[in-house]
file data.txt (compact mmCIF, C-alpha atoms)
# COMPACT_ATOMS: atom_id res chain seq x y z
CA MET A 1 0.98 14.09 75.28
CA ALA A 2 4.03 16.06 76.26
CA PRO A 3 7.17 14.58 74.67
CA ASN A 4 10.68 15.73 75.65
CA SER A 5 12.32 15.96 72.23
CA VAL A 6 11.69 17.19 68.71
CA SER A 7 12.32 13.70 67.32
CA GLU A 8 9.57 12.26 69.52
CA VAL A 9 7.18 14.90 68.16
CA VAL A 10 8.16 14.02 64.59
CA SER A 11 7.44 10.34 65.20
CA LEU A 12 4.08 11.14 66.80
CA LEU A 13 3.30 13.31 63.77
CA SER A 14 4.38 10.57 61.38
CA GLU A 15 2.03 8.19 63.19
CA HIS A 16 -1.05 10.46 63.50
CA GLY A 17 -0.66 12.80 60.51
CA ASP A 18 -3.14 15.66 60.47
CA ARG A 19 -5.07 14.10 63.37
CA ALA A 20 -2.33 15.45 65.66
CA LYS A 21 -2.19 19.12 66.62
CA MET A 22 0.53 21.08 68.42
CA LEU A 23 -0.14 22.87 71.69
CA ALA A 24 2.12 25.82 72.55
CA GLY A 25 0.28 28.70 74.28
CA GLY A 26 -3.08 27.17 73.40
CA THR A 27 -4.76 30.52 72.77
CA ASP A 28 -5.77 29.57 69.23
CA ILE A 29 -5.76 25.77 69.14
CA ILE A 30 -7.81 25.19 72.32
CA VAL A 31 -10.53 27.53 71.02
CA GLN A 32 -10.41 25.99 67.53
CA LEU A 33 -10.74 22.43 68.90
CA ARG A 34 -13.51 23.44 71.31
CA GLU A 35 -15.46 25.21 68.59
CA GLY A 36 -14.94 22.46 66.01
CA LEU A 37 -12.88 24.63 63.65
CA ARG A 38 -10.05 22.09 63.76
CA GLU A 39 -10.13 18.45 64.84
CA ALA A 40 -7.54 16.25 66.51
CA ASP A 41 -7.15 12.79 68.03
CA VAL A 42 -3.90 13.73 69.68
CA VAL A 43 -2.78 17.05 71.10
CA ILE A 44 0.98 17.36 71.54
CA ASP A 45 2.17 19.81 74.18
CA ILE A 46 5.59 20.96 72.92
CA LYS A 47 6.48 23.02 75.98
CA LYS A 48 8.60 20.29 77.60
CA ILE A 49 11.16 20.65 74.80
CA GLU A 50 13.93 23.08 75.67
CA ASP A 51 14.83 24.10 72.10
CA ILE A 52 11.22 25.12 71.57
CA THR A 53 10.72 27.07 74.80
CA SER A 54 14.04 28.93 74.91
CA PHE A 55 15.52 31.87 73.05
CA HIS A 56 18.99 33.31 72.69
CA TYR A 57 20.59 36.24 70.94
CA CYS A 58 24.13 36.58 69.62
CA GLU A 59 25.65 39.31 67.48
CA GLU A 60 26.66 36.85 64.80
CA ASN A 61 23.44 34.91 64.21
CA GLY A 62 20.83 37.16 65.74
CA LEU A 63 17.81 35.91 67.64
CA SER A 64 16.87 32.26 67.75
CA LEU A 65 13.34 32.29 69.08
CA GLY A 66 11.87 28.94 70.15
CA ALA A 67 8.47 28.33 68.60
CA ALA A 68 6.63 28.24 71.95
CA VAL A 69 8.23 31.28 73.62
CA ALA A 70 5.40 33.43 74.98
CA CYS A 71 4.87 36.97 73.68
CA TYR A 72 5.72 38.79 76.91
CA HIS A 73 9.35 37.62 76.77
CA LEU A 74 9.88 39.84 73.74
CA TYR A 75 8.38 43.11 74.91
CA GLU A 76 9.58 42.79 78.53
CA HIS A 77 13.17 41.99 77.53
CA PRO A 78 15.19 45.24 77.74
CA GLN A 79 17.66 44.33 74.99
CA LEU A 80 15.40 42.40 72.60
CA SER A 81 12.62 44.98 72.75
CA GLN A 82 15.17 47.61 71.66
CA LEU A 83 16.75 45.50 68.93
CA TYR A 84 13.49 44.15 67.51
CA GLY A 85 11.13 47.11 67.94
CA ALA A 86 8.58 45.79 65.44
CA LEU A 87 8.31 42.46 67.25
CA ALA A 88 7.98 44.18 70.63
CA ASP A 89 5.20 46.36 69.17
CA SER A 90 3.38 43.29 67.81
CA THR A 91 3.69 41.05 70.84
CA HIS A 92 2.42 43.79 73.14
CA ILE A 93 -0.89 44.04 71.26
CA ILE A 94 -1.64 40.38 70.54
CA GLY A 95 -4.73 39.86 72.69
CA GLY A 96 -4.56 41.20 76.23
CA TRP A 97 -2.12 40.56 79.05
CA GLN A 98 -3.56 37.10 79.78
CA ILE A 99 -3.10 36.05 76.15
CA GLN A 100 0.44 37.48 75.97
CA SER A 101 1.40 35.36 78.99
CA ARG A 102 0.75 32.21 76.95
CA ALA A 103 0.51 32.92 73.22
CA SER A 104 3.71 32.44 71.23
CA VAL A 105 5.06 34.13 68.10
CA GLY A 106 5.61 30.66 66.61
CA GLY A 107 1.96 29.81 67.20
CA ASN A 108 0.84 33.12 65.71
CA LEU A 109 2.89 32.26 62.61
CA CYS A 110 1.63 28.65 62.31
CA ASN A 111 -1.98 29.75 62.78
CA ALA A 112 -1.36 31.76 59.58
CA SER A 113 -4.12 34.29 60.00
CA PRO A 114 -3.96 36.96 57.27
CA ALA A 115 -4.37 39.51 60.09
CA ALA A 116 -1.78 38.00 62.47
CA ASP A 117 0.05 40.83 64.22
CA SER A 118 3.49 39.23 64.50
CA ILE A 119 3.90 38.05 60.90
CA PRO A 120 4.41 41.44 59.18
CA SER A 121 7.04 42.20 61.81
CA LEU A 122 8.79 38.89 61.18
CA ILE A 123 8.72 39.48 57.41
CA ALA A 124 10.02 43.04 57.82
CA LEU A 125 12.83 41.67 60.02
CA ASN A 126 13.63 39.07 57.34
CA ALA A 127 13.01 36.12 59.68
CA GLU A 128 13.26 32.44 58.74
CA ALA A 129 11.19 29.56 60.02
CA VAL A 130 13.22 26.56 61.22
CA ILE A 131 11.20 23.43 60.52
CA ALA A 132 11.90 19.86 61.71
CA GLY A 133 10.67 16.71 59.97
CA PRO A 134 11.63 13.08 59.42
CA GLU A 135 14.45 14.11 57.04
CA GLY A 136 15.94 16.62 59.51
CA GLN A 137 15.65 20.39 59.46
CA ARG A 138 14.86 22.86 56.71
CA THR A 139 14.36 26.61 56.72
CA VAL A 140 11.74 28.67 54.93
CA ALA A 141 11.63 32.48 54.77
CA VAL A 142 8.67 33.71 56.84
CA GLN A 143 7.45 35.65 53.81
CA ASP A 144 6.92 32.27 52.07
CA PHE A 145 5.59 30.39 55.13
CA CYS A 146 1.86 31.17 54.91
CA THR A 147 0.01 29.70 51.93
CA GLY A 148 -3.54 30.86 52.67
CA PRO A 149 -5.80 31.77 55.58
CA GLY A 150 -4.99 29.21 58.31
CA ARG A 151 -2.64 27.31 56.01
CA ASN A 152 1.16 27.09 55.91
CA VAL A 153 4.01 25.16 54.28
CA LEU A 154 4.32 22.59 57.09
CA GLU A 155 3.79 18.99 56.00
CA ASN A 156 1.73 16.75 58.29
CA ASN A 157 4.91 15.24 59.73
CA GLU A 158 6.69 18.56 60.32
CA LEU A 159 6.72 21.12 63.10
CA LEU A 160 8.02 24.65 63.55
CA VAL A 161 10.95 24.51 66.00
CA ALA A 162 12.19 28.09 66.03
CA ILE A 163 12.22 31.41 64.24
CA GLN A 164 15.61 32.80 63.30
CA ILE A 165 15.84 36.59 63.03
CA PRO A 166 19.00 38.33 61.74
CA ALA A 167 21.17 40.31 64.16
CA GLN A 168 20.43 44.03 64.36
CA GLY A 169 23.13 46.67 64.31
CA GLY A 170 22.74 50.11 65.86
CA GLU A 171 21.86 51.56 62.46
CA CYS A 172 18.71 49.39 62.21
CA GLY A 173 15.21 50.19 63.41
CA SER A 174 11.78 48.62 62.99
CA ALA A 175 8.16 49.21 63.95
CA TYR A 176 4.71 47.64 63.69
CA GLU A 177 1.37 49.39 63.78
CA ARG A 178 -2.12 48.20 63.14
CA PHE A 179 -5.38 50.00 62.77
CA ILE A 180 -8.30 48.75 64.86
CA PRO A 181 -11.48 50.50 65.99
CA ARG A 182 -10.51 50.22 69.67
CA ASN A 183 -7.12 50.37 71.29
CA GLU A 184 -6.57 46.71 72.04
CA MET A 185 -8.08 43.23 71.99
CA ASP A 186 -9.25 43.32 68.38
CA ILE A 187 -8.28 41.98 64.98
CA ALA A 188 -6.23 44.23 62.70
CA VAL A 189 -8.13 46.03 59.95
CA VAL A 190 -4.66 46.57 58.46
CA GLY A 191 -1.26 45.92 60.04
CA VAL A 192 2.12 47.07 58.72
CA GLY A 193 5.63 46.13 59.79
CA SER A 194 8.61 48.17 58.56
CA TRP A 195 12.36 47.78 58.96
CA ILE A 196 15.09 50.21 57.96
CA ARG A 197 18.89 50.12 57.92
CA LEU A 198 20.60 53.50 57.59
CA SER A 199 23.96 54.19 55.95
CA ASP A 200 26.68 56.24 57.62
CA ASP A 201 25.55 59.31 55.66
CA GLY A 202 22.02 58.96 57.06
CA THR A 203 20.38 57.72 53.85
CA ILE A 204 18.46 54.45 53.69
CA ALA A 205 20.72 51.49 52.90
CA GLU A 206 18.03 48.82 53.07
CA SER A 207 14.35 48.61 53.90
CA ARG A 208 11.68 45.94 54.25
CA ILE A 209 7.94 46.60 54.44
CA SER A 210 5.27 43.99 55.11
CA LEU A 211 1.49 44.25 55.05
CA GLY A 212 -1.08 42.30 57.05
CA ALA A 213 -4.85 41.86 56.59
CA VAL A 214 -4.91 43.04 52.99
CA ALA A 215 -4.58 39.67 51.20
CA ALA A 216 -4.99 35.95 51.87
CA THR A 217 -1.55 35.92 53.49
CA PRO A 218 0.70 38.61 54.96
CA LEU A 219 2.67 40.21 52.11
CA PHE A 220 6.24 41.41 51.56
CA ALA A 221 6.01 44.76 49.74
CA GLU A 222 9.06 44.28 47.56
CA GLU A 223 8.76 47.25 45.22
CA ALA A 224 7.90 49.70 48.01
CA SER A 225 10.84 48.39 50.07
CA ALA A 226 13.32 48.66 47.20
CA SER A 227 12.14 52.17 46.30
CA LEU A 228 13.66 53.60 49.47
CA VAL A 229 17.23 52.43 48.93
CA GLY A 230 19.63 55.38 48.68
CA LYS A 231 16.92 57.88 49.63
CA GLU A 232 16.72 60.24 52.57
CA PRO A 233 14.41 59.11 55.38
CA THR A 234 11.85 61.86 54.77
CA GLU A 235 8.10 61.96 55.14
CA GLU A 236 7.78 62.52 51.39
CA ASN A 237 9.79 59.40 50.52
CA PHE A 238 7.90 57.34 53.10
CA ALA A 239 4.57 58.52 51.67
CA ALA A 240 5.75 57.53 48.17
CA ALA A 241 6.65 54.05 49.47
CA GLY A 242 3.16 53.88 50.97
CA GLU A 243 1.66 54.59 47.55
CA LEU A 244 3.71 51.75 46.03
CA ALA A 245 2.68 49.38 48.84
CA LYS A 246 -0.99 50.14 48.17
CA LYS A 247 -0.59 48.61 44.69
CA ILE A 248 -0.13 45.07 46.05
CA ALA A 249 -3.02 45.24 48.55
CA THR A 250 -6.03 43.19 47.50
CA PRO A 251 -8.17 43.40 50.63
CA ILE A 252 -11.68 42.14 51.23
CA SER A 253 -14.53 44.30 52.47
CA ASP A 254 -16.07 43.18 55.73
CA MET A 255 -17.54 44.62 58.94
CA ARG A 256 -14.10 45.95 59.90
CA GLY A 257 -13.64 48.03 56.77
CA THR A 258 -14.16 48.26 53.01
CA ASP A 259 -11.41 47.34 50.57
CA GLU A 260 -11.04 51.02 49.65
CA TYR A 261 -10.59 52.01 53.30
CA ARG A 262 -8.09 49.22 53.93
CA THR A 263 -6.04 50.24 50.90
CA HIS A 264 -6.00 53.83 52.15
CA LEU A 265 -4.82 52.61 55.56
CA VAL A 266 -1.88 50.79 53.93
CA GLY A 267 -0.51 54.14 52.77
CA VAL A 268 -1.03 55.74 56.18
CA LEU A 269 0.52 52.91 58.17
CA VAL A 270 3.49 52.39 55.84
CA LYS A 271 4.39 56.05 56.31
CA ARG A 272 3.91 55.93 60.08
CA THR A 273 5.86 52.72 60.67
CA LEU A 274 8.72 53.85 58.42
CA THR A 275 8.89 57.10 60.38
CA THR A 276 9.08 55.24 63.70
CA ALA A 277 11.58 52.71 62.32
CA ALA A 278 13.83 55.54 61.08
CA LEU A 279 13.65 57.32 64.45
CA ARG A 280 14.56 54.10 66.23
CA ALA A 281 17.46 53.55 63.81
CA GLN A 282 18.72 57.10 64.44
CA ASN A 283 18.63 56.73 68.22
CA MET B 284 -12.44 14.68 70.69
CA SER B 285 -13.67 11.51 72.33
CA ALA B 286 -13.47 10.92 76.08
CA SER B 287 -10.09 9.53 76.96
CA LYS B 288 -8.26 8.22 79.96
CA LYS B 289 -8.02 10.53 82.92
CA VAL B 290 -4.65 11.92 83.84
CA HIS B 291 -3.37 12.42 87.38
CA VAL B 292 -2.08 15.96 87.97
CA THR B 293 -0.34 17.39 91.04
CA THR B 294 -0.22 21.14 91.37
CA THR B 295 -0.20 23.97 93.91
CA ILE B 296 -3.32 26.10 94.20
CA ASN B 297 -3.37 29.03 96.61
CA LYS B 298 -0.24 27.67 98.31
CA GLU B 299 -1.81 24.26 98.93
CA GLU B 300 -0.63 21.13 97.13
CA ILE B 301 -3.56 19.57 95.34
CA ASP B 302 -3.96 16.60 93.05
CA PHE B 303 -6.79 15.84 90.71
CA LEU B 304 -7.80 13.59 87.83
CA CYS B 305 -8.90 15.14 84.56
CA GLU B 306 -9.42 14.27 80.93
CA PRO B 307 -6.79 15.77 78.61
CA ARG B 308 -9.47 17.90 76.94
CA HIS B 309 -10.62 19.59 80.15
CA SER B 310 -9.62 23.19 80.71
CA LEU B 311 -8.09 24.43 83.93
CA LEU B 312 -11.28 26.46 84.40
CA GLU B 313 -13.39 23.27 84.24
CA VAL B 314 -11.05 21.55 86.69
CA LEU B 315 -11.18 24.48 89.13
CA ARG B 316 -14.94 24.82 89.03
CA ASP B 317 -16.20 21.27 88.48
CA ASN B 318 -13.54 19.07 90.11
CA LEU B 319 -12.23 21.29 92.88
CA GLY B 320 -15.27 23.42 93.75
CA LEU B 321 -13.34 26.66 93.27
CA THR B 322 -16.19 28.49 91.58
CA GLY B 323 -14.78 32.00 92.04
CA SER B 324 -13.27 31.89 88.54
CA LYS B 325 -16.13 32.52 86.10
CA GLU B 326 -16.84 31.27 82.62
CA GLY B 327 -17.80 34.23 80.45
CA CYS B 328 -16.88 33.63 76.84
CA ASN B 329 -14.82 30.43 77.13
CA ASN B 330 -12.59 31.62 74.29
CA GLY B 331 -10.10 34.06 75.77
CA ASN B 332 -11.84 37.36 75.17
CA CYS B 333 -13.46 38.29 78.48
CA GLY B 334 -10.93 37.46 81.22
CA ALA B 335 -13.59 36.41 83.78
CA CYS B 336 -11.64 33.17 84.34
CA THR B 337 -8.28 34.89 84.97
CA VAL B 338 -5.93 33.08 87.37
CA ILE B 339 -2.24 33.61 88.06
CA LEU B 340 -0.21 30.73 86.66
CA ASN B 341 3.47 30.68 87.65
CA GLY B 342 3.32 34.41 88.36
CA ARG B 343 1.56 35.46 85.15
CA PRO B 344 -2.13 36.18 84.59
CA VAL B 345 -3.75 33.74 82.15
CA ASP B 346 -7.24 32.86 80.98
CA SER B 347 -7.88 29.50 82.67
CA CYS B 348 -10.31 28.58 79.88
CA LEU B 349 -7.29 28.54 77.52
CA VAL B 350 -5.12 26.30 79.70
CA LEU B 351 -5.59 22.54 79.79
CA GLY B 352 -5.79 20.92 83.22
CA VAL B 353 -3.01 18.51 82.25
CA GLU B 354 -0.66 21.44 81.57
CA VAL B 355 -0.51 22.58 85.20
CA GLU B 356 1.45 19.61 86.58
CA GLY B 357 4.01 21.09 88.98
CA ALA B 358 2.71 24.65 88.51
CA GLU B 359 1.83 27.34 91.06
CA ILE B 360 -1.67 28.72 90.65
CA GLU B 361 -3.38 31.55 92.44
CA THR B 362 -7.14 31.97 92.09
CA VAL B 363 -9.47 34.69 93.35
CA GLU B 364 -10.13 32.50 96.41
CA GLY B 365 -6.47 32.88 97.39
CA ILE B 366 -5.89 36.60 97.13
CA ALA B 367 -7.31 37.53 100.55
CA CYS B 368 -5.03 36.88 103.52
CA SER B 369 -7.11 34.64 105.84
CA SER B 370 -9.85 36.99 107.09
CA LYS B 371 -8.27 40.19 105.75
CA LEU B 372 -9.28 41.22 102.26
CA HIS B 373 -6.59 42.17 99.75
CA PRO B 374 -6.42 45.96 99.14
CA VAL B 375 -7.80 45.45 95.65
CA GLN B 376 -10.84 43.66 97.08
CA GLU B 377 -11.35 46.35 99.71
CA CYS B 378 -11.12 49.11 97.15
CA PHE B 379 -13.58 47.38 94.79
CA LEU B 380 -16.03 47.23 97.70
CA GLU B 381 -15.37 50.79 98.86
CA GLY B 382 -15.58 52.21 95.36
CA ALA B 383 -18.60 50.08 94.34
CA ALA B 384 -16.52 48.94 91.38
CA LEU B 385 -18.95 46.25 90.37
CA GLN B 386 -22.47 45.99 89.07
CA CYS B 387 -23.56 42.47 88.15
CA GLY B 388 -20.27 41.07 89.46
CA ILE B 389 -19.56 38.31 86.92
CA CYS B 390 -16.39 40.00 85.66
CA THR B 391 -15.22 40.96 89.16
CA PRO B 392 -13.15 37.86 90.09
CA GLY B 393 -11.22 38.15 86.83
CA PHE B 394 -10.64 41.86 87.35
CA LEU B 395 -9.50 41.27 90.95
CA VAL B 396 -6.94 38.66 89.92
CA ALA B 397 -5.63 40.63 86.93
CA ALA B 398 -5.49 43.84 89.01
CA LYS B 399 -3.61 42.05 91.79
CA ALA B 400 -1.08 40.73 89.24
CA LEU B 401 -0.72 44.24 87.83
CA LEU B 402 -0.25 45.93 91.23
CA ASP B 403 2.22 43.24 92.33
CA LYS B 404 4.27 44.28 89.31
CA ASP B 405 3.77 48.03 89.78
CA PRO B 406 1.58 49.53 92.52
CA ASN B 407 2.16 52.97 90.95
CA ALA B 408 0.77 51.95 87.54
CA SER B 409 -0.68 54.91 85.65
CA GLU B 410 -4.28 55.05 84.56
CA GLU B 411 -3.15 54.37 81.01
CA THR B 412 -1.19 51.27 82.06
CA ILE B 413 -4.11 50.02 84.13
CA ARG B 414 -6.49 50.44 81.22
CA PHE B 415 -4.07 48.78 78.79
CA ASP B 416 -3.14 45.86 81.05
CA LEU B 417 -6.77 45.22 82.02
CA SER B 418 -7.95 45.32 78.40
CA GLY B 419 -8.20 41.52 78.48
CA ASN B 420 -10.97 41.83 81.07
CA LEU B 421 -14.40 42.84 79.84
CA CYS B 422 -17.15 44.33 82.01
CA ARG B 423 -20.46 43.89 80.24
CA CYS B 424 -22.05 46.49 82.52
CA ALA B 425 -19.32 48.85 81.23
CA GLY B 426 -18.39 50.02 84.74
CA TYR B 427 -14.80 50.66 83.77
CA ASP B 428 -14.21 54.05 85.38
CA LYS B 429 -15.02 52.81 88.88
CA ILE B 430 -12.92 49.71 88.30
CA VAL B 431 -9.91 51.74 87.18
CA ARG B 432 -10.29 54.13 90.14
CA ALA B 433 -10.53 51.17 92.55
CA VAL B 434 -7.32 49.69 91.13
CA GLN B 435 -5.55 53.05 91.51
CA ALA B 436 -6.78 53.33 95.12
CA ALA B 437 -5.60 49.78 95.86
CA GLY B 438 -2.15 50.65 94.52
CA GLN B 439 -1.96 53.64 96.86
CA GLN B 440 -3.08 51.48 99.79
CA MET B 441 -0.44 48.85 98.96
CA ASN B 442 2.21 51.58 98.87
CA ALA B 443 1.04 52.94 102.24
CA GLU B 444 1.13 49.45 103.79
CA ALA B 445 4.56 48.63 102.35

call {"tool": "encode", "arguments": {"input": "data.txt", "output": "structure tokens"}}
result
Amino acid sequence: MAPNSVSEVVSLLSEHGDRAKMLAGGTDIIVQLREGLREADVVIDIKKIEDITSFHYCEENGLSLGAAVACYHLYEHPQLSQLYGALADSTHIIGGWQIQSRASVGGNLCNASPAADSIPSLIALNAEAVIAGPEGQRTVAVQDFCTGPGRNVLENNELLVAIQIPAQGGECGSAYERFIPRNEMDIAVVGVGSWIRLSDDGTIAESRISLGAVAATPLFAEEASASLVGKEPTEENFAAAGELAKKIATPISDMRGTDEYRTHLVGVLVKRTLTTAALRAQN
Amino acid sequence: MSASKKVHVTTTINKEEIDFLCEPRHSLLEVLRDNLGLTGSKEGCNNGNCGACTVILNGRPVDSCLVLGVEVEGAEIETVEGIACSSKLHPVQECFLEGAALQCGICTPGFLVAAKALLDKDPNASEETIRFDLSGNLCRCAGYDKIVRAVQAAGQQMNAEA
């Protein structure tokens, strides 16, 4: 089914409940249905709905990113890839080129993988999820959106419509990096998104750090983020923030890495992404 | 998912308007191979890792195993069968032949389509860009060096012909 409006989707969802599944880029849901990981009686293609497939940026409200906008739009867009460096970094390494032509940031968020590459970037950028349901719209901070591996705050009769990301001034910069054994096409062992806003005197006015693949959901590293306020953007201060971020990591050990190794990587990647974010903010 | 009513879809494949009937659960890859006899696109992993089923959908390379047949209503699709110009092979095909850039050949159609999409975008793509942009195509024989060199040679040939 391919309805033309959000309200039609909401009524289909109200009718079919969790037997209905959304189709945006299809790069997760088609595999999950085929392999029996999720089940559905009805698959709703949401790409006929303009609000969901479009995006626009304004200096007042920032970026409104429709839930089904494919990854490549973000890293190929000259202005958006500059403003939202972390999101451009993430979307360029989600799967390969074929996947990026279809997969959406909204889908990556709803799929709620602990290792999702776009979610730490969204959290670092302080994004909000815009959700539609029978009662109208509500917003939830992305840092509160995921509730467990593959689970999120959406009720059975709700859908993600868009992601709202605050406007970025010239003094802001952000970056995402993940560690994987090969260069591309793999699942993050650890992923870190960092965002920095500099003051006029060059010190850090605000910072947000988010960690992926080290807990059941992507995490906002609140203490590490707050520790940087008022400080100089130096390697030493970034390393100290990395040490604080390590405290909230509770990773599992699996074939991709032990918990000890993952915790170590948190420190390394926090430092690296903060360094890149600061450079981007300075330029 | 249970079998459900077939849907009528009209689309353009290799510049020819085509219509077909398919169940909503059928992938574009299944439609191409089983309904339309276009067996150039291969099924490797059927889950978006290997790229053997790559086609160009509305100008972008996609894994046809991760597209539903019903989604391509009104779309423009280019498959490996369409990249040669009548009897003349596309430069990327010629260079794969010349450079022996294939061993078992199962991944080759996907590589050809992805490489064509890449060279259409930038015939001067660097080795690094080629390797990054073709990372969604796996060669189980691991013949990557010859593949990358063939793509570079095809880019040069396209520049010379332009």

call {"tool": "closest_atom_pairs", "arguments": {"input": "data.txt", "of": "chain B", "to": "chain A", "cutoff": "10 Å", "atoms": "only C-alpha atoms", "output": "Markdown table"}}
result
| residue | atom | partner | partner_atom | distance |
| --- | --- | --- | --- | --- |
| B:Met284 | CA | A:Asp41 | CA | 6.2 |
| B:Ser285 | CA | A:Asp41 | CA | 7.9 |
| B:Ser287 | CA | A:Asp41 | CA | 10.0 |
| B:Pro307 | CA | A:Val43 | CA | 8.6 |
| B:Arg308 | CA | A:Ile30 | CA | 8.8 |
| B:Ser310 | CA | A:Ile30 | CA | 8.8 |
| B:Asn329 | CA | A:Val31 | CA | 8.0 |
| B:Asn330 | CA | A:Val31 | CA | 5.6 |
| B:Gly331 | CA | A:Thr27 | CA | 7.1 |
| B:Asn332 | CA | A:Met185 | CA | 7.7 |
| B:Cys333 | CA | A:Gly96 | CA | 9.6 |
| B:Gly334 | CA | A:Gln98 | CA | 7.5 |
| B:Thr337 | CA | A:Gln98 | CA | 7.4 |
| B:Val338 | CA | A:Gln98 | CA | 8.9 |
| B:Ile339 | CA | A:Gln98 | CA | 9.1 |
| B:Leu340 | CA | A:Ser101 | CA | 9.1 |
| B:Gly342 | CA | A:Ser101 | CA | 9.6 |
| B:Arg343 | CA | A:Ser101 | CA | 6.2 |
| B:Pro344 | CA | A:Gln98 | CA | 5.1 |
| B:Val345 | CA | A:Gln98 | CA | 4.1 |
| B:Asp346 | CA | A:Gln98 | CA | 5.7 |
| B:Ser347 | CA | A:Gln98 | CA | 9.2 |
| B:Cys348 | CA | A:Ile30 | CA | 8.7 |
| B:Leu349 | CA | A:Thr27 | CA | 5.7 |
| B:Val350 | CA | A:Gly26 | CA | 6.7 |
| B:Leu351 | CA | A:Ile30 | CA | 8.2 |
| B:Val353 | CA | A:Met1 | CA | 9.2 |
| B:Glu354 | CA | A:Asp45 | CA | 8.1 |
| B:Ala397 | CA | A:Gln98 | CA | 8.2 |
| B:Leu401 | CA | A:Trp97 | CA | 9.6 |
| B:Arg414 | CA | A:Glu184 | CA | 9.9 |
| B:Phe415 | CA | A:Glu184 | CA | 7.5 |
| B:Asp416 | CA | A:Trp97 | CA | 5.8 |
| B:Leu417 | CA | A:Trp97 | CA | 7.2 |
| B:Ser418 | CA | A:Gly96 | CA | 5.8 |
| B:Gly419 | CA | A:Gly96 | CA | 4.3 |
| B:Asn420 | CA | A:Gly96 | CA | 8.1 |

call {"tool": "write_last_selection", "arguments": {"input": "data.txt", "atoms": "C-alpha atoms", "output": "short mmCIF file (atom, residue, chain, number, x, y, z; two decimals), keeping the file's coordinate frame"}}
result
data_model
loop_
_atom_site.label_atom_id
_atom_site.label_comp_id
_atom_site.auth_asym_id
_atom_site.auth_seq_id
_atom_site.Cartn_x
_atom_site.Cartn_y
_atom_site.Cartn_z
CA MET B 284 -12.44 14.68 70.69
CA SER B 285 -13.67 11.51 72.33
CA SER B 287 -10.09 9.53 76.96
CA PRO B 307 -6.79 15.77 78.61
CA ARG B 308 -9.47 17.90 76.94
CA SER B 310 -9.62 23.19 80.71
CA ASN B 329 -14.82 30.43 77.13
CA ASN B 330 -12.59 31.62 74.29
CA GLY B 331 -10.10 34.06 75.77
CA ASN B 332 -11.84 37.36 75.17
CA CYS B 333 -13.46 38.29 78.48
CA GLY B 334 -10.93 37.46 81.22
CA THR B 337 -8.28 34.89 84.97
CA VAL B 338 -5.93 33.08 87.37
CA ILE B 339 -2.24 33.61 88.06
CA LEU B 340 -0.21 30.73 86.66
CA GLY B 342 3.32 34.41 88.36
CA ARG B 343 1.56 35.46 85.15
CA PRO B 344 -2.13 36.18 84.59
CA VAL B 345 -3.75 33.74 82.15
CA ASP B 346 -7.24 32.86 80.98
CA SER B 347 -7.88 29.50 82.67
CA CYS B 348 -10.31 28.58 79.88
CA LEU B 349 -7.29 28.54 77.52
CA VAL B 350 -5.12 26.30 79.70
CA LEU B 351 -5.59 22.54 79.79
CA VAL B 353 -3.01 18.51 82.25
CA GLU B 354 -0.66 21.44 81.57
CA ALA B 397 -5.63 40.63 86.93
CA LEU B 401 -0.72 44.24 87.83
CA ARG B 414 -6.49 50.44 81.22
CA PHE B 415 -4.07 48.78 78.79
CA ASP B 416 -3.14 45.86 81.05
CA LEU B 417 -6.77 45.22 82.02
CA SER B 418 -7.95 45.32 78.40
CA GLY B 419 -8.20 41.52 78.48
CA ASN B 420 -10.97 41.83 81.07
#

call {"tool": "closest_residue", "arguments": {"input": "data.txt", "among": "B:Thr391, B:Gly382, B:Cys368, B:Cys424", "to": "Ala436 in chain B", "atoms": "only C-alpha atoms"}}
result
B:Gly382

call {"tool": "residues_around", "arguments": {"input": "data.txt", "residues": "Val434 in chain B", "least_positions_apart": "5", "cutoff": "10 Å", "atoms": "all atoms listed in the file", "output": "PyMOL selection string"}}
result
chain B and resi 374-376+378-379+382+384+394-395+398-399+401-402+406+408+410+413-414+428-429+439-440

call {"tool": "residues_around", "arguments": {"input": "data.txt", "residues": "range 207-218 of chain A", "least_positions_apart": "6", "cutoff": "9 Å", "atoms": "all atoms listed in the file", "output": "JSON, numbers by chain"}}
result
{"A": [112, 113, 114, 115, 116, 117, 119, 120, 121, 122, 123, 124, 125, 126, 143, 146, 147, 148, 149, 150, 178, 188, 189, 190, 191, 192, 193, 194, 195, 196, 197, 198, 224, 225, 226, 227, 228, 229, 245, 248, 249, 250, 251, 252, 259, 262, 263, 266, 270, 273, 274]}

call {"tool": "residues_around", "arguments": {"input": "data.txt", "residues": "range 59-65 of chain A", "least_positions_apart": "2", "cutoff": "9 Å", "atoms": "all atoms listed in the file", "output": "ChimeraX atom specification"}}
result
/A:51-57,67-69,80,105-106,161-169

call {"tool": "atom_distance", "arguments": {"input": "data.txt", "atom1": "CA of Ile94 in chain A", "atom2": "CA of Ser118 in chain A"}}
result
8.0 Å

call {"tool": "residues_around", "arguments": {"input": "data.txt", "residues": "Asn341 in chain B", "least_positions_apart": "4", "cutoff": "10 Å", "atoms": "all atoms listed in the file", "output": "list in words"}}
result
Thr295, Val345, Val355, Gly357, Ala358, Glu359, Ile360 and Glu361 of chain B

call {"tool": "closest_residue", "arguments": {"input": "data.txt", "among": "A:Leu154, A:Gly230, A:Ala24, A:Ser11", "to": "Arg138 in chain A", "atoms": "only C-alpha atoms"}}
result
A:Leu154

call {"tool": "atom_distance", "arguments": {"input": "data.txt", "atom1": "CA of Val140 in chain A", "atom2": "CA of Val10 in chain A"}}
result
17.9 Å

call {"tool": "residues_around", "arguments": {"input": "data.txt", "residues": "range 231-234 of chain A", "least_positions_apart": "5", "cutoff": "12 Å", "atoms": "all atoms listed in the file", "output": "list in words"}}
result
Ile196, Arg197, Leu198, Ser199, Asp200, Asp201, Gly202, Thr203, Ile204, Ala205, Glu206, Ser207, Ser225, Ala226, Ala239, Ala240, Ala241, Lys271, Arg272, Thr273, Leu274, Thr275, Thr276, Ala277, Ala278, Leu279, Arg280, Ala281 and Gln282 of chain A
